[in-house]
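Source file: start.tsv. Holds: TSV, C-alpha atoms.
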```tsv
chain	number	residue	atom	x	y	z
M	227	MET	CA	0.00	0.00	0.00
M	228	ALA	CA	1.47	3.34	-1.03
M	229	HIS	CA	1.92	6.05	1.57
M	230	ALA	CA	3.84	8.55	-0.54
M	231	LEU	CA	1.06	10.88	-1.57
M	232	THR	CA	1.00	13.55	-4.24
M	233	HIS	CA	-1.55	16.25	-4.98
M	234	SER	CA	-3.20	14.40	-7.86
M	235	GLU	CA	-2.99	10.84	-6.53
M	236	LYS	CA	-6.22	8.84	-6.69
M	237	THR	CA	-5.45	5.73	-4.63
M	238	LEU	CA	-8.90	5.67	-3.04
M	239	ALA	CA	-10.89	7.05	-5.96
M	240	GLU	CA	-12.34	5.36	-8.99
M	241	PRO	CA	-10.12	5.20	-12.07
M	242	GLY	CA	-10.50	7.91	-14.64
M	243	ALA	CA	-9.99	11.59	-14.93
M	244	LEU	CA	-10.55	13.92	-12.02
M	245	PRO	CA	-13.93	15.64	-12.16
M	246	ASP	CA	-13.99	19.29	-13.16
M	247	HIS	CA	-15.01	21.38	-10.15
M	248	GLY	CA	-14.34	24.75	-11.76
M	249	LEU	CA	-12.70	27.40	-9.65
M	250	ILE	CA	-13.20	25.41	-6.45
M	251	GLY	CA	-11.19	22.51	-7.83
M	252	LEU	CA	-8.22	24.78	-8.54
M	253	LEU	CA	-7.88	25.99	-4.95
M	254	ASP	CA	-5.45	24.70	-2.35
M	255	PRO	CA	-7.22	21.86	-0.44
M	256	ARG	CA	-5.90	23.16	2.88
M	257	LEU	CA	-7.41	26.56	2.19
M	258	ARG	CA	-10.74	24.99	1.28
M	259	ILE	CA	-10.88	23.19	4.64
M	260	VAL	CA	-10.01	26.34	6.60
M	261	LEU	CA	-12.55	28.47	4.70
M	262	ALA	CA	-15.25	25.82	5.17
M	263	VAL	CA	-14.67	25.86	8.93
M	264	LEU	CA	-14.65	29.68	9.00
M	265	PHE	CA	-17.88	29.92	7.01
M	266	ALA	CA	-19.56	27.27	9.19
M	267	VAL	CA	-18.60	29.06	12.42
M	268	VAL	CA	-19.89	32.40	11.13
M	269	VAL	CA	-23.17	30.93	9.88
M	270	VAL	CA	-23.82	29.07	13.13
M	271	ALA	CA	-23.31	32.34	15.02
M	272	LEU	CA	-26.02	34.09	12.96
M	273	SER	CA	-29.57	34.29	14.28
M	274	THR	CA	-31.51	36.74	12.08
M	275	LEU	CA	-33.39	35.36	9.10
M	276	PRO	CA	-32.12	37.93	6.53
M	277	ALA	CA	-28.49	37.19	7.44
M	278	LEU	CA	-29.11	33.44	7.25
M	279	ALA	CA	-30.81	33.85	3.87
M	280	LEU	CA	-27.73	35.73	2.65
M	281	ALA	CA	-25.54	32.92	4.00
M	282	LEU	CA	-27.56	30.36	2.04
M	283	GLY	CA	-27.15	32.58	-1.04
M	284	CYS	CA	-23.37	32.58	-0.52
M	285	ALA	CA	-23.41	28.77	-0.29
M	286	LEU	CA	-25.38	28.62	-3.55
M	287	CYS	CA	-22.77	30.85	-5.18
M	288	LEU	CA	-20.08	28.38	-4.07
M	289	LEU	CA	-22.19	25.59	-5.60
M	290	ALA	CA	-22.26	27.47	-8.91
M	291	LEU	CA	-18.47	27.94	-8.82
M	292	SER	CA	-17.90	24.23	-8.16
M	293	ARG	CA	-19.87	23.07	-11.24
M	294	LEU	CA	-21.47	20.28	-9.22
M	295	PRO	CA	-24.71	18.88	-10.67
M	296	VAL	CA	-27.32	21.07	-9.02
M	297	ARG	CA	-30.17	18.56	-8.99
M	298	ARG	CA	-28.07	15.75	-7.56
M	299	THR	CA	-26.52	18.01	-4.93
M	300	LEU	CA	-29.87	19.39	-3.82
M	301	ARG	CA	-31.24	15.85	-3.65
M	302	ARG	CA	-28.45	14.91	-1.28
M	303	MET	CA	-29.26	17.97	0.81
M	304	ALA	CA	-32.91	16.94	0.90
M	305	MET	CA	-31.81	13.62	2.45
M	306	MET	CA	-30.16	15.60	5.23
M	307	ASP	CA	-33.28	17.76	5.62
M	308	GLY	CA	-35.31	14.61	6.19
M	309	PHE	CA	-33.46	14.04	9.48
M	310	ILE	CA	-34.31	17.48	10.88
M	311	PHE	CA	-37.78	17.82	9.35
M	312	PHE	CA	-39.61	16.33	12.33
M	313	MET	CA	-37.70	18.51	14.78
M	314	MET	CA	-38.54	21.58	12.71
M	315	ALA	CA	-42.19	20.50	12.52
M	316	MET	CA	-42.36	20.26	16.31
M	317	LEU	CA	-40.71	23.60	17.07
M	318	PRO	CA	-43.81	25.77	16.34
M	319	PHE	CA	-45.70	23.76	18.99
M	320	THR	CA	-42.95	23.75	21.63
M	321	VAL	CA	-41.62	27.33	21.50
M	322	PRO	CA	-43.85	29.75	23.42
M	323	GLY	CA	-44.98	32.93	21.73
M	324	ASP	CA	-47.80	34.50	19.72
M	325	PRO	CA	-50.23	31.75	18.67
M	326	ILE	CA	-51.03	31.11	15.00
M	327	PHE	CA	-53.37	28.13	15.16
M	328	SER	CA	-54.15	25.15	17.37
M	329	LEU	CA	-53.87	21.49	16.46
M	330	TRP	CA	-55.15	18.77	18.82
M	331	GLY	CA	-54.97	21.21	21.70
M	332	LEU	CA	-51.44	22.41	20.90
M	333	SER	CA	-50.83	26.00	19.85
M	334	ALA	CA	-48.30	26.87	17.16
M	335	SER	CA	-46.42	30.15	17.62
M	336	TRP	CA	-44.82	32.58	15.21
M	337	GLN	CA	-41.62	32.42	17.28
M	338	GLY	CA	-41.50	28.63	16.82
M	339	VAL	CA	-41.93	28.98	13.06
M	340	ALA	CA	-39.11	31.54	12.97
M	341	ARG	CA	-36.86	29.21	14.98
M	342	ALA	CA	-37.61	26.32	12.62
M	343	ILE	CA	-36.78	28.46	9.58
M	344	GLU	CA	-33.60	29.64	11.30
M	345	ILE	CA	-32.44	26.07	11.93
M	346	GLY	CA	-33.31	25.03	8.38
M	347	LEU	CA	-31.39	27.92	6.80
M	348	THR	CA	-28.37	27.38	9.07
M	349	ALA	CA	-28.17	23.64	8.42
M	350	ASN	CA	-28.58	23.95	4.65
M	351	ALA	CA	-26.03	26.77	4.31
M	352	VAL	CA	-23.39	24.94	6.36
M	353	ILE	CA	-23.94	21.54	4.75
M	354	LEU	CA	-23.93	22.98	1.24
M	355	ALA	CA	-20.67	24.86	1.88
M	356	LEU	CA	-19.05	21.72	3.31
M	357	MET	CA	-20.22	19.64	0.36
M	358	VAL	CA	-18.73	22.16	-2.08
M	359	LEU	CA	-15.45	23.02	-0.34
M	360	VAL	CA	-14.62	19.71	1.37
M	361	GLY	CA	-16.86	17.08	-0.22
M	362	THR	CA	-15.41	17.65	-3.69
M	363	GLN	CA	-11.93	16.58	-2.60
M	364	GLU	CA	-10.58	13.10	-3.26
M	365	PRO	CA	-10.08	11.11	-0.02
M	366	VAL	CA	-6.30	10.96	-0.43
M	367	THR	CA	-6.16	14.68	-1.19
M	368	LEU	CA	-8.26	15.37	1.90
M	369	GLY	CA	-5.88	13.30	4.03
M	370	HIS	CA	-2.93	15.11	2.47
M	371	ALA	CA	-4.52	18.47	3.27
M	372	LEU	CA	-5.34	17.52	6.87
M	373	HIS	CA	-1.75	16.40	7.35
M	374	GLY	CA	-0.61	19.72	5.89
M	375	LEU	CA	-2.76	21.48	8.50
M	376	ARG	CA	-0.85	19.64	11.23
M	377	CYS	CA	-3.68	17.30	12.15
M	378	PRO	CA	-2.51	14.25	14.16
M	379	GLU	CA	-1.17	11.57	11.83
M	380	THR	CA	-3.07	8.88	13.71
M	381	LEU	CA	-6.40	10.56	12.97
M	382	VAL	CA	-5.44	11.06	9.33
M	383	HIS	CA	-4.49	7.39	9.01
M	384	LEU	CA	-7.73	6.35	10.68
M	385	MET	CA	-9.82	8.45	8.33
M	386	MET	CA	-8.04	7.22	5.21
M	387	PHE	CA	-8.22	3.55	6.21
M	388	THR	CA	-11.89	3.93	7.12
M	389	ILE	CA	-12.70	5.38	3.71
M	390	ARG	CA	-10.62	2.76	1.95
M	391	TYR	CA	-11.92	-0.34	3.72
M	392	ILE	CA	-15.52	0.47	4.54
M	393	GLU	CA	-16.49	-0.75	1.08
M	394	VAL	CA	-14.39	-3.90	1.60
M	395	LEU	CA	-16.31	-4.65	4.80
M	396	ARG	CA	-19.58	-4.01	2.99
M	397	GLU	CA	-18.65	-6.55	0.31
M	398	GLU	CA	-17.74	-9.04	3.05
M	399	TYR	CA	-21.12	-8.48	4.68
M	400	LEU	CA	-22.91	-9.05	1.36
M	401	ARG	CA	-21.01	-12.33	0.84
M	402	LEU	CA	-21.98	-13.57	4.29
M	403	ARG	CA	-25.62	-12.56	3.77
M	404	ALA	CA	-25.66	-14.36	0.42
M	405	ALA	CA	-24.26	-17.48	2.10
M	406	MET	CA	-27.01	-17.31	4.73
M	407	LYS	CA	-29.70	-17.00	2.06
M	408	VAL	CA	-28.29	-19.96	0.12
M	409	ARG	CA	-28.61	-22.02	3.30
M	410	GLY	CA	-32.27	-21.09	3.56
M	411	PHE	CA	-32.09	-18.38	6.19
M	412	ARG	CA	-35.10	-16.07	6.27
M	413	PRO	CA	-35.11	-13.31	8.92
M	414	GLY	CA	-38.00	-13.13	11.34
M	415	THR	CA	-38.87	-12.10	14.88
M	416	ASN	CA	-37.50	-15.14	16.69
M	417	TRP	CA	-34.42	-16.19	18.65
M	418	HIS	CA	-32.97	-18.07	15.68
M	419	THR	CA	-32.88	-14.83	13.67
M	420	TYR	CA	-31.32	-12.86	16.51
M	421	ARG	CA	-28.71	-15.58	17.08
M	422	SER	CA	-27.92	-15.73	13.35
M	423	PHE	CA	-27.38	-11.99	13.10
M	424	GLY	CA	-25.18	-12.18	16.20
M	425	TYR	CA	-23.06	-14.83	14.48
M	426	LEU	CA	-22.98	-12.59	11.39
M	427	VAL	CA	-21.62	-9.63	13.35
M	428	GLY	CA	-19.10	-11.86	15.12
M	429	MET	CA	-17.87	-13.32	11.83
M	430	MET	CA	-17.56	-9.80	10.40
M	431	LEU	CA	-15.35	-8.79	13.35
M	432	VAL	CA	-13.21	-11.93	13.06
M	433	ARG	CA	-12.65	-11.46	9.33
M	434	ALA	CA	-11.96	-7.74	9.83
M	435	ILE	CA	-9.23	-8.57	12.38
M	436	GLU	CA	-7.72	-11.19	10.08
M	437	ARG	CA	-7.73	-8.79	7.14
M	438	SER	CA	-6.18	-6.01	9.23
M	439	GLU	CA	-3.34	-8.35	10.25
M	440	ARG	CA	-2.68	-9.24	6.61
M	441	ILE	CA	-2.74	-5.57	5.62
M	442	LEU	CA	-0.36	-4.63	8.44
M	443	GLY	CA	2.07	-7.35	7.36
M	444	ALA	CA	1.91	-6.18	3.74
M	445	MET	CA	2.51	-2.56	4.79
M	446	LYS	CA	5.54	-3.51	6.90
M	447	CYS	CA	6.96	-5.49	3.99
M	448	ARG	CA	6.72	-2.30	1.91
M	449	GLY	CA	8.60	-0.28	4.50
M	450	PHE	CA	5.69	1.48	6.25
M	451	SER	CA	6.93	3.12	9.46
M	452	GLY	CA	3.78	4.89	10.66
M	453	ARG	CA	4.62	8.17	8.93
M	454	ILE	CA	2.96	9.81	5.92
M	455	VAL	CA	5.64	10.58	3.34
M	456	LEU	CA	4.58	13.39	1.01
M	457	LEU	CA	6.24	13.75	-2.36
M	458	GLN	CA	4.67	17.12	-3.14
M	459	ASP	CA	3.70	19.98	-0.85
M	460	PHE	CA	0.78	22.30	-1.40
M	461	ALA	CA	1.50	25.93	-2.19
M	462	LEU	CA	-0.79	28.93	-2.04
M	463	THR	CA	-1.22	30.91	-5.25
M	464	PRO	CA	-2.58	34.41	-5.94
M	465	ARG	CA	-5.86	32.74	-6.89
M	466	ASP	CA	-6.04	31.21	-3.41
M	467	HIS	CA	-5.35	34.54	-1.74
M	468	ALA	CA	-8.03	36.27	-3.81
M	469	PHE	CA	-10.62	33.60	-3.08
M	470	ALA	CA	-9.77	33.62	0.64
M	471	ALA	CA	-10.16	37.39	0.73
M	472	ALA	CA	-13.55	37.12	-1.00
M	473	VAL	CA	-14.78	34.54	1.51
M	474	VAL	CA	-13.53	36.58	4.46
M	475	LEU	CA	-15.29	39.67	3.09
M	476	ALA	CA	-18.47	37.64	2.62
M	477	CYS	CA	-18.27	36.44	6.23
M	478	ALA	CA	-17.72	40.02	7.40
M	479	ALA	CA	-20.75	41.11	5.36
M	480	LEU	CA	-22.83	38.38	6.99
M	481	ILE	CA	-21.77	39.56	10.45
M	482	GLY	CA	-22.60	43.15	9.45
M	483	ALA	CA	-26.03	42.08	8.19
M	484	GLU	CA	-26.59	40.22	11.47
M	485	LEU	CA	-25.76	43.30	13.54
M	486	ALA	CA	-27.84	45.58	11.32
M	487	TRP	CA	-30.99	43.41	11.42
M	488	ARG	CA	-30.62	42.58	15.11
```
Show how you would write the structure in this file as structure tokens.
Amino acid sequence: MAHALTHSEKTLAEPGALPDHGLIGLLDPRLRIVLAVLFAVVVVALSTLPALALALGCALCLLALSRLPVRRTLRRMAMMDGFIFFMMAMLPFTVPGDPIFSLWGLSASWQGVARAIEIGLTANAVILALMVLVGTQEPVTLGHALHGLRCPETLVHLMMFTIRYIEVLREEYLRLRAAMKVRGFRPGTNWHTYRSFGYLVGMMLVRAIERSERILGAMKCRGFSGRIVLLQDFALTPRDHAFAAAVVLACAALIGAELAWR
């Protein structure tokens, strides 16, 4: 397994050319991570609806610069919205304030509706910015960038191995499930089903340990010493400085809009 990483290496990605992410794809990956964190912190600190709407507009501008497929990206965001939809639906009935209407004896308030909209705008702006600035990076490039930001090597290794081998474990699970089906196993609500799934999890753990030992032996044979050796360092360009300045100005404008509307 190679641990000498370059900027364009695609060890964990599918073969083929790198996707075109427009201006975003030309930026330094380290800068993209830092700007994503900065934007997220600023957006989370906002509380007025106009400022949050502007933040969502900024995230949409980043989406346009990244050339990501809009429909597919928004569909992925809708999956995230499904997790917070029920919480947002309950907020109008749990936050006290001026009543709008009553449902089954519960009164919905304007303040609760405003809080739900605030949470929705915040979550969508932050997630969209992270998807554009961080989610468009290849896994190896992301690990390279985190190492360049002085993140602990152990955490970087853990992230990269998790990304690399989670699909391997999934394939192992599918093979075991297929073997159970061939032997006539049909899940139900009985002790035999619970015991069988317990054996399945145990076998997954045993095979994962065996595979990890084989991988460790192969890595040691190739001279792995626990360090990430980088063959190429990232370097900031005038384009990176200009984009960083634009994002910082946008964050300052969001803070100014927050203070003005508050």
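For M:Cys477, the list of residues within 10 Å, based on all atoms listed in the file and with local chain neighbours fewer than 6 positions off taken out, reads Leu261, Leu264, Phe265, Ala266, Val267, Val268, Val269, Ala281, Cys284, Ala471 and Ala483 of chain M.
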| So which one's closest to M:Gly346, M:Val270, M:Leu426, M:Arg301, M:Gly414? Using all atoms listed in the file, please. | M:Val270
| said: I want to know what sits within 12 Å of M:Arg341, based on all atoms listed in the file, with residues of the same chain fewer than 6 positions away left out; could you give that as a VMD selection string? | reply: chain M and resid 273 to 275 278 313 to 323 334 to 335 347 to 348
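Atom CA of M:Leu253 is positioned 8.3 Å from atom CA of M:Phe469.
With all atoms listed in the file as the atoms that count, the residue of M:Ala371, M:Ile343, M:Ala404, M:Leu291 with the shortest distance to M:Leu252 is M:Leu291.
Taking atom CA of M:Arg298 and atom CA of M:Thr362 as the two end points, the separation is 13.4 Å.
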| field | Top pick for closest residue to M:Ala279, considering M:Ser292, M:Asn350, M:Asn416, M:Gln337 and counting all atoms listed in the file | value | M:Asn350
| Mind pulling up the distance from atom CA of M:Cys377 to atom CA of M:Arg258? | 15.1 Å
| query | Smallest atom-to-atom distance to M:Leu395: which of M:Val432, M:Leu372, M:Val352, M:Val360, using only C-alpha atoms? | reply | M:Val432
| task | Mind listing whatever residues come within 10 Å of the point (-1.1, 16.4, 5.9)? Use all atoms listed in the file, file coordinates, and give them as a ChimeraX atom specification. | result | /M:231,256,366-379,382,454-456,459-460
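Distance check against M:Val358 using all atoms listed in the file: of M:Thr415, M:Thr388, M:Thr299, M:Thr380, the minimum falls on M:Thr299.
Distances to M:Met429 were evaluated for M:Leu402, M:Ala479, M:Leu359, M:Phe387 using all atoms listed in the file, and the minimum falls at M:Leu402.
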